[in-house]
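Here's the structure we're looking at; comments come further down.
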Amino acid sequence: MNRPLIASILVLAAAVTQAEARSPIGGATMPREQVQSDALGPRNDPTPTVAEAVARTQIEKSGYTSVRGLQRTADGTWRAMARDQRNAPVAVSLDNQGNVTPTK
């Protein structure tokens, strides 16, 4: 008669102990960093086309970083948001000749 009662108490004690345990990876006991939004907007699709990858590389070779929002216009010009050498957001364009220029 006492054995089922003792077994139940042990099971409940184990459940309480398990419930109190927190995961060391992102659990409630660890503070999380604030999520910061990027002024350039969300990152692009992880599977770009070859032309988009070439345009991004050309812009990055010109000294810009964090190229985002890369889009091709009807005349073949690529436009994007990027960061310049001072880490300030700037709109850039890449023309058909490979010239990268900041735009307004």
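By convention in this document, the chains of the structure tokens carry letters A, B, ... by their order, each chain's residues are numbered from 1, and ligands are numbered from 1 in the order they are shown.
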Inset, instruction - With a distance cut-off of 10 Å and only C-alpha atoms, select the neighbouring residues of Arg83 in chain A, excluding the residue or stretch itself and same-chain residues fewer than 5 positions from it, and output the selection as an MDAnalysis selection string. - result: chainID A and resid 39:40 60 63:68 88:92
